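Engineer: The following block contains the structure, expressed as structure tokens.
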Amino acid sequence: LAQQTGDQRGQMKVNFWVGEMHRVQLNSPQTSIQYYEQHLALARQLMDMYEERVAFNRLGLVHYEMGEYEAALESLQKDLKMNQESGDKKKQITPYHNVGDAYRKLGKVDEAKEHFNTALELAQQTGDQHGQMDVSLKIGDMHREQLDSPRDSIQYYEQALALARQLIDRHKEGLAYNR
């Protein structure tokens with residue numbers, strides 16, 4: 001219907017949601033990439049920076065989920081750059097976190113640390129306790145999996161656990177205990 005009426009904004013949204021359906025529910029990442037790329041093309045055509053950032057984020061996530069960490073990093077860095085340009089510190093937390101995690105999966109620990117630490121600092125500066133909790137879990141994972149530093153990982157997991165309890169987030173509390 002959106003195509004028939006020439007509603008490009010509607011087409012862009014449909015591409016996003018069909019991409020989400022293929023990524024999340026149908027476990028069809030290649031198909032989701034096609035829809036996200038169409039979403040990105042329409043966002044650029046409409047000069048919609050917000051939707052362009054969303055498209056880069058989703059392309060990064062699907063590549064990450066496929067184990068294609070270099071491709072994920074490329075898209076996630078574009079998302080981060082656009083969020084940095086916005087100047088909104090709170091909107092930069094998740095992109096820094098995502099880029100850090102892609103670097104972590106690539107074994108580039110110094111770059112991962114740098115991005116995780118920036119995400120954690122931004123989350124603390126803006127009072128984003130959910131962001132602090134999520135980043136603390138990932139830093140803990142990095143210390144456990146890449147740095148063979150169980151004492152440090154426990155400290156970060158304990159920080160995440162304390163925040164999860166404070167926020168009454170049972171799911172994240174379980175994640176912190178399971179680490």
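In the structure tokens, the first chain shown is A, the next is B, and so on; residue numbers restart at 1 for each chain, and ligands run from 1 in the order shown.
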I'd like a table as a Markdown table: residues in stretch 41-102 of chain A with an atom no more than 10 Å from stretch 136-158 of chain A, each row giving the shortest atom pair and its distance in Å to one decimal, only C-alpha atoms counted, sorted by chain and rising residue number.
Structural biologist:
| residue | atom | partner | partner_atom | distance |
| --- | --- | --- | --- | --- |
| A:His97 | CA | A:Lys138 | CA | 8.2 |
| A:Asn98 | CA | A:Lys138 | CA | 9.7 |
| A:Gly100 | CA | A:Lys138 | CA | 8.8 |
| A:Asp101 | CA | A:Lys138 | CA | 7.2 |
Engineer: List the spatial neighbours of A:Gly67 as a ChimeraX atom specification - criterion: any atom at most 10 Å away, only C-alpha atoms, same-chain residues fewer than 6 positions off excluded.
Structural biologist: /A:61,102,105-106
Engineer: Can you measure atom CA of A:Gln84 to atom CA of A:Ala55 for me? One decimal in Å is fine.
Structural biologist: 16.1 Å
Engineer: Using only C-alpha atoms, determine which residues lie at most 6 Å from stretch 34-45 of chain A, disregarding the query and same-chain residues fewer than 3 positions distant; provide the list as a PyMOL selection string.
Structural biologist: chain A and resi 12+15-16+19+31+48+51-52+55
Engineer: Mind dumping the selected residues with all heavy atoms as a PDB file, in the first residue's frame?
Structural biologist:
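Written out: again_11.pdb:
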ATOM      1  N   MET A  12       9.601   3.121   4.269  1.00  0.00           N
ATOM      2  CA  MET A  12      10.770   3.023   5.137  1.00  0.00           C
ATOM      3  C   MET A  12      10.404   2.270   6.418  1.00  0.00           C
ATOM      4  O   MET A  12      11.124   1.368   6.839  1.00  0.00           O
ATOM      5  CB  MET A  12      11.277   4.433   5.470  1.00  0.00           C
ATOM      6  CG  MET A  12      12.501   4.478   6.341  1.00  0.00           C
ATOM      7  SD  MET A  12      13.097   6.174   6.593  1.00  0.00           S
ATOM      8  CE  MET A  12      11.698   6.945   7.406  1.00  0.00           C
ATOM      9  N   ASN A  15       9.830  -1.443   5.743  1.00  0.00           N
ATOM     10  CA  ASN A  15      11.110  -2.140   5.587  1.00  0.00           C
ATOM     11  C   ASN A  15      11.763  -2.411   6.934  1.00  0.00           C
ATOM     12  O   ASN A  15      12.306  -3.490   7.166  1.00  0.00           O
ATOM     13  CB  ASN A  15      12.061  -1.343   4.682  1.00  0.00           C
ATOM     14  CG  ASN A  15      11.737  -1.529   3.218  1.00  0.00           C
ATOM     15  OD1 ASN A  15      11.552  -2.639   2.757  1.00  0.00           O
ATOM     16  ND2 ASN A  15      11.661  -0.433   2.497  1.00  0.00           N
ATOM     17  N   PHE A  16      11.691  -1.439   7.831  1.00  0.00           N
ATOM     18  CA  PHE A  16      12.258  -1.637   9.158  1.00  0.00           C
ATOM     19  C   PHE A  16      11.560  -2.796   9.867  1.00  0.00           C
ATOM     20  O   PHE A  16      12.218  -3.715  10.361  1.00  0.00           O
ATOM     21  CB  PHE A  16      12.143  -0.360  10.006  1.00  0.00           C
ATOM     22  CG  PHE A  16      12.494  -0.590  11.450  1.00  0.00           C
ATOM     23  CD1 PHE A  16      13.818  -0.664  11.844  1.00  0.00           C
ATOM     24  CD2 PHE A  16      11.502  -0.761  12.402  1.00  0.00           C
ATOM     25  CE1 PHE A  16      14.143  -0.898  13.175  1.00  0.00           C
ATOM     26  CE2 PHE A  16      11.820  -0.992  13.733  1.00  0.00           C
ATOM     27  CZ  PHE A  16      13.144  -1.063  14.121  1.00  0.00           C
ATOM     28  N   GLY A  19      12.171  -6.163   8.364  1.00  0.00           N
ATOM     29  CA  GLY A  19      13.544  -6.551   8.728  1.00  0.00           C
ATOM     30  C   GLY A  19      13.608  -7.073  10.150  1.00  0.00           C
ATOM     31  O   GLY A  19      14.252  -8.093  10.427  1.00  0.00           O
ATOM     32  N   THR A  31      17.792 -12.034   4.910  1.00  0.00           N
ATOM     33  CA  THR A  31      16.611 -11.310   4.447  1.00  0.00           C
ATOM     34  C   THR A  31      16.446 -10.013   5.229  1.00  0.00           C
ATOM     35  O   THR A  31      16.104  -8.971   4.656  1.00  0.00           O
ATOM     36  CB  THR A  31      15.354 -12.189   4.583  1.00  0.00           C
ATOM     37  OG1 THR A  31      15.573 -13.407   3.861  1.00  0.00           O
ATOM     38  CG2 THR A  31      14.127 -11.499   4.018  1.00  0.00           C
ATOM     39  N   ASP A  48      16.521  11.664   6.671  1.00  0.00           N
ATOM     40  CA  ASP A  48      16.042  11.419   8.030  1.00  0.00           C
ATOM     41  C   ASP A  48      17.185  10.806   8.838  1.00  0.00           C
ATOM     42  O   ASP A  48      17.427   9.597   8.789  1.00  0.00           O
ATOM     43  CB  ASP A  48      14.827  10.481   7.995  1.00  0.00           C
ATOM     44  CG  ASP A  48      14.161  10.314   9.341  1.00  0.00           C
ATOM     45  OD1 ASP A  48      14.870  10.361  10.375  1.00  0.00           O
ATOM     46  OD2 ASP A  48      12.928  10.104   9.361  1.00  0.00           O
ATOM     47  N   GLU A  51      16.325   7.903  11.399  1.00  0.00           N
ATOM     48  CA  GLU A  51      16.091   6.596  10.788  1.00  0.00           C
ATOM     49  C   GLU A  51      17.367   6.027  10.185  1.00  0.00           C
ATOM     50  O   GLU A  51      17.557   4.810  10.162  1.00  0.00           O
ATOM     51  CB  GLU A  51      14.978   6.665   9.734  1.00  0.00           C
ATOM     52  CG  GLU A  51      13.605   6.928  10.306  1.00  0.00           C
ATOM     53  CD  GLU A  51      13.073   5.799  11.188  1.00  0.00           C
ATOM     54  OE1 GLU A  51      13.509   4.635  11.030  1.00  0.00           O
ATOM     55  OE2 GLU A  51      12.216   6.083  12.042  1.00  0.00           O
ATOM     56  N   GLU A  52      18.257   6.894   9.727  1.00  0.00           N
ATOM     57  CA  GLU A  52      19.546   6.424   9.206  1.00  0.00           C
ATOM     58  C   GLU A  52      20.357   5.781  10.339  1.00  0.00           C
ATOM     59  O   GLU A  52      20.944   4.711  10.171  1.00  0.00           O
ATOM     60  CB  GLU A  52      20.310   7.608   8.596  1.00  0.00           C
ATOM     61  CG  GLU A  52      21.470   7.202   7.736  1.00  0.00           C
ATOM     62  CD  GLU A  52      22.100   8.368   6.992  1.00  0.00           C
ATOM     63  OE1 GLU A  52      21.428   9.397   6.766  1.00  0.00           O
ATOM     64  OE2 GLU A  52      23.288   8.240   6.641  1.00  0.00           O
ATOM     65  N   ALA A  55      18.906   2.416  11.117  1.00  0.00           N
ATOM     66  CA  ALA A  55      19.279   1.432  10.098  1.00  0.00           C
ATOM     67  C   ALA A  55      20.703   0.927  10.322  1.00  0.00           C
ATOM     68  O   ALA A  55      20.960  -0.284  10.262  1.00  0.00           O
ATOM     69  CB  ALA A  55      19.127   2.026   8.696  1.00  0.00           C
TER      70      ALA A  55
END
Engineer: Skipping near chain neighbours, those fewer than 2 positions away, what residues fall within 10 Å of A:His115 using only C-alpha atoms, listed as a JSON list (two decimals) with N, CA and C atoms, in the first residue's frame?
Structural biologist:
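Full text of around_12.json as output:
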[["chain", "number", "residue", "atom", "x", "y", "z"],
["A", 93, "ILE", "N", 25.48, 6.38, 24.57],
["A", 93, "ILE", "CA", 25.85, 5.28, 25.46],
["A", 93, "ILE", "C", 25.76, 3.93, 24.75],
["A", 95, "PRO", "N", 25.51, 3.15, 21.48],
["A", 95, "PRO", "CA", 26.47, 2.97, 20.38],
["A", 95, "PRO", "C", 27.90, 2.73, 20.85],
["A", 96, "TYR", "N", 28.35, 3.44, 21.88],
["A", 96, "TYR", "CA", 29.70, 3.17, 22.41],
["A", 96, "TYR", "C", 29.78, 1.73, 22.94],
["A", 97, "HIS", "N", 28.75, 1.32, 23.64],
["A", 97, "HIS", "CA", 28.67, -0.04, 24.19],
["A", 97, "HIS", "C", 28.72, -1.06, 23.06],
["A", 98, "ASN", "N", 27.93, -0.85, 22.00],
["A", 98, "ASN", "CA", 27.88, -1.79, 20.88],
["A", 98, "ASN", "C", 29.22, -1.88, 20.14],
["A", 99, "VAL", "N", 29.84, -0.73, 19.91],
["A", 99, "VAL", "CA", 31.15, -0.73, 19.23],
["A", 99, "VAL", "C", 32.18, -1.44, 20.11],
["A", 100, "GLY", "N", 32.13, -1.18, 21.41],
["A", 100, "GLY", "CA", 33.04, -1.86, 22.33],
["A", 100, "GLY", "C", 32.86, -3.36, 22.28],
["A", 101, "ASP", "N", 31.62, -3.81, 22.21],
["A", 101, "ASP", "CA", 31.36, -5.25, 22.18],
["A", 101, "ASP", "C", 31.85, -5.87, 20.87],
["A", 103, "TYR", "N", 34.40, -4.76, 19.09],
["A", 103, "TYR", "CA", 35.85, -4.84, 19.26],
["A", 103, "TYR", "C", 36.23, -6.01, 20.17],
["A", 104, "ARG", "N", 35.46, -6.22, 21.23],
["A", 104, "ARG", "CA", 35.73, -7.33, 22.16],
["A", 104, "ARG", "C", 35.67, -8.66, 21.42],
["A", 109, "VAL", "N", 41.07, -5.78, 22.48],
["A", 109, "VAL", "CA", 40.69, -5.47, 23.86],
["A", 109, "VAL", "C", 40.92, -4.00, 24.21],
["A", 110, "ASP", "N", 42.00, -3.40, 23.74],
["A", 110, "ASP", "CA", 42.26, -1.99, 24.07],
["A", 110, "ASP", "C", 41.16, -1.09, 23.52],
["A", 111, "GLU", "N", 40.76, -1.33, 22.27],
["A", 111, "GLU", "CA", 39.68, -0.54, 21.68],
["A", 111, "GLU", "C", 38.37, -0.81, 22.41],
["A", 112, "ALA", "N", 38.13, -2.06, 22.77],
["A", 112, "ALA", "CA", 36.91, -2.41, 23.50],
["A", 112, "ALA", "C", 36.87, -1.68, 24.84],
["A", 113, "LYS", "N", 37.98, -1.73, 25.58],
["A", 113, "LYS", "CA", 38.06, -1.03, 26.88],
["A", 113, "LYS", "C", 37.74, 0.45, 26.72],
["A", 117, "ASN", "N", 34.59, 2.04, 28.52],
["A", 117, "ASN", "CA", 34.81, 3.05, 29.55],
["A", 117, "ASN", "C", 34.10, 4.35, 29.21],
["A", 118, "THR", "N", 34.11, 4.73, 27.94],
["A", 118, "THR", "CA", 33.40, 5.95, 27.54],
["A", 118, "THR", "C", 31.90, 5.76, 27.75],
["A", 119, "ALA", "N", 31.37, 4.59, 27.38],
["A", 119, "ALA", "CA", 29.95, 4.32, 27.58],
["A", 119, "ALA", "C", 29.59, 4.39, 29.06],
["A", 120, "LEU", "N", 30.44, 3.81, 29.90],
["A", 120, "LEU", "CA", 30.19, 3.82, 31.34],
["A", 120, "LEU", "C", 30.24, 5.24, 31.90],
["A", 121, "GLU", "N", 31.22, 6.02, 31.47],
["A", 121, "GLU", "CA", 31.33, 7.42, 31.91],
["A", 121, "GLU", "C", 30.09, 8.22, 31.50],
["A", 135, "VAL", "N", 26.62, -1.94, 30.54],
["A", 135, "VAL", "CA", 28.05, -1.81, 30.25],
["A", 135, "VAL", "C", 28.87, -2.57, 31.28]]
Engineer: Go through A:Ala71, A:Leu163, A:Val54, A:Met66 one by one, measure the shortest atom-to-atom distance of each to A:Asn27 using only C-alpha atoms, and give the residue with the smallest value.
Structural biologist: A:Met66
Engineer: Which of these residues is nearest to A:Ala72, using only C-alpha atoms: A:Phe56, A:Lys91, A:Glu85, A:Ala176?
Structural biologist: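 Ranked by minimum distance to A:Ala72, first place goes to A:Phe56.
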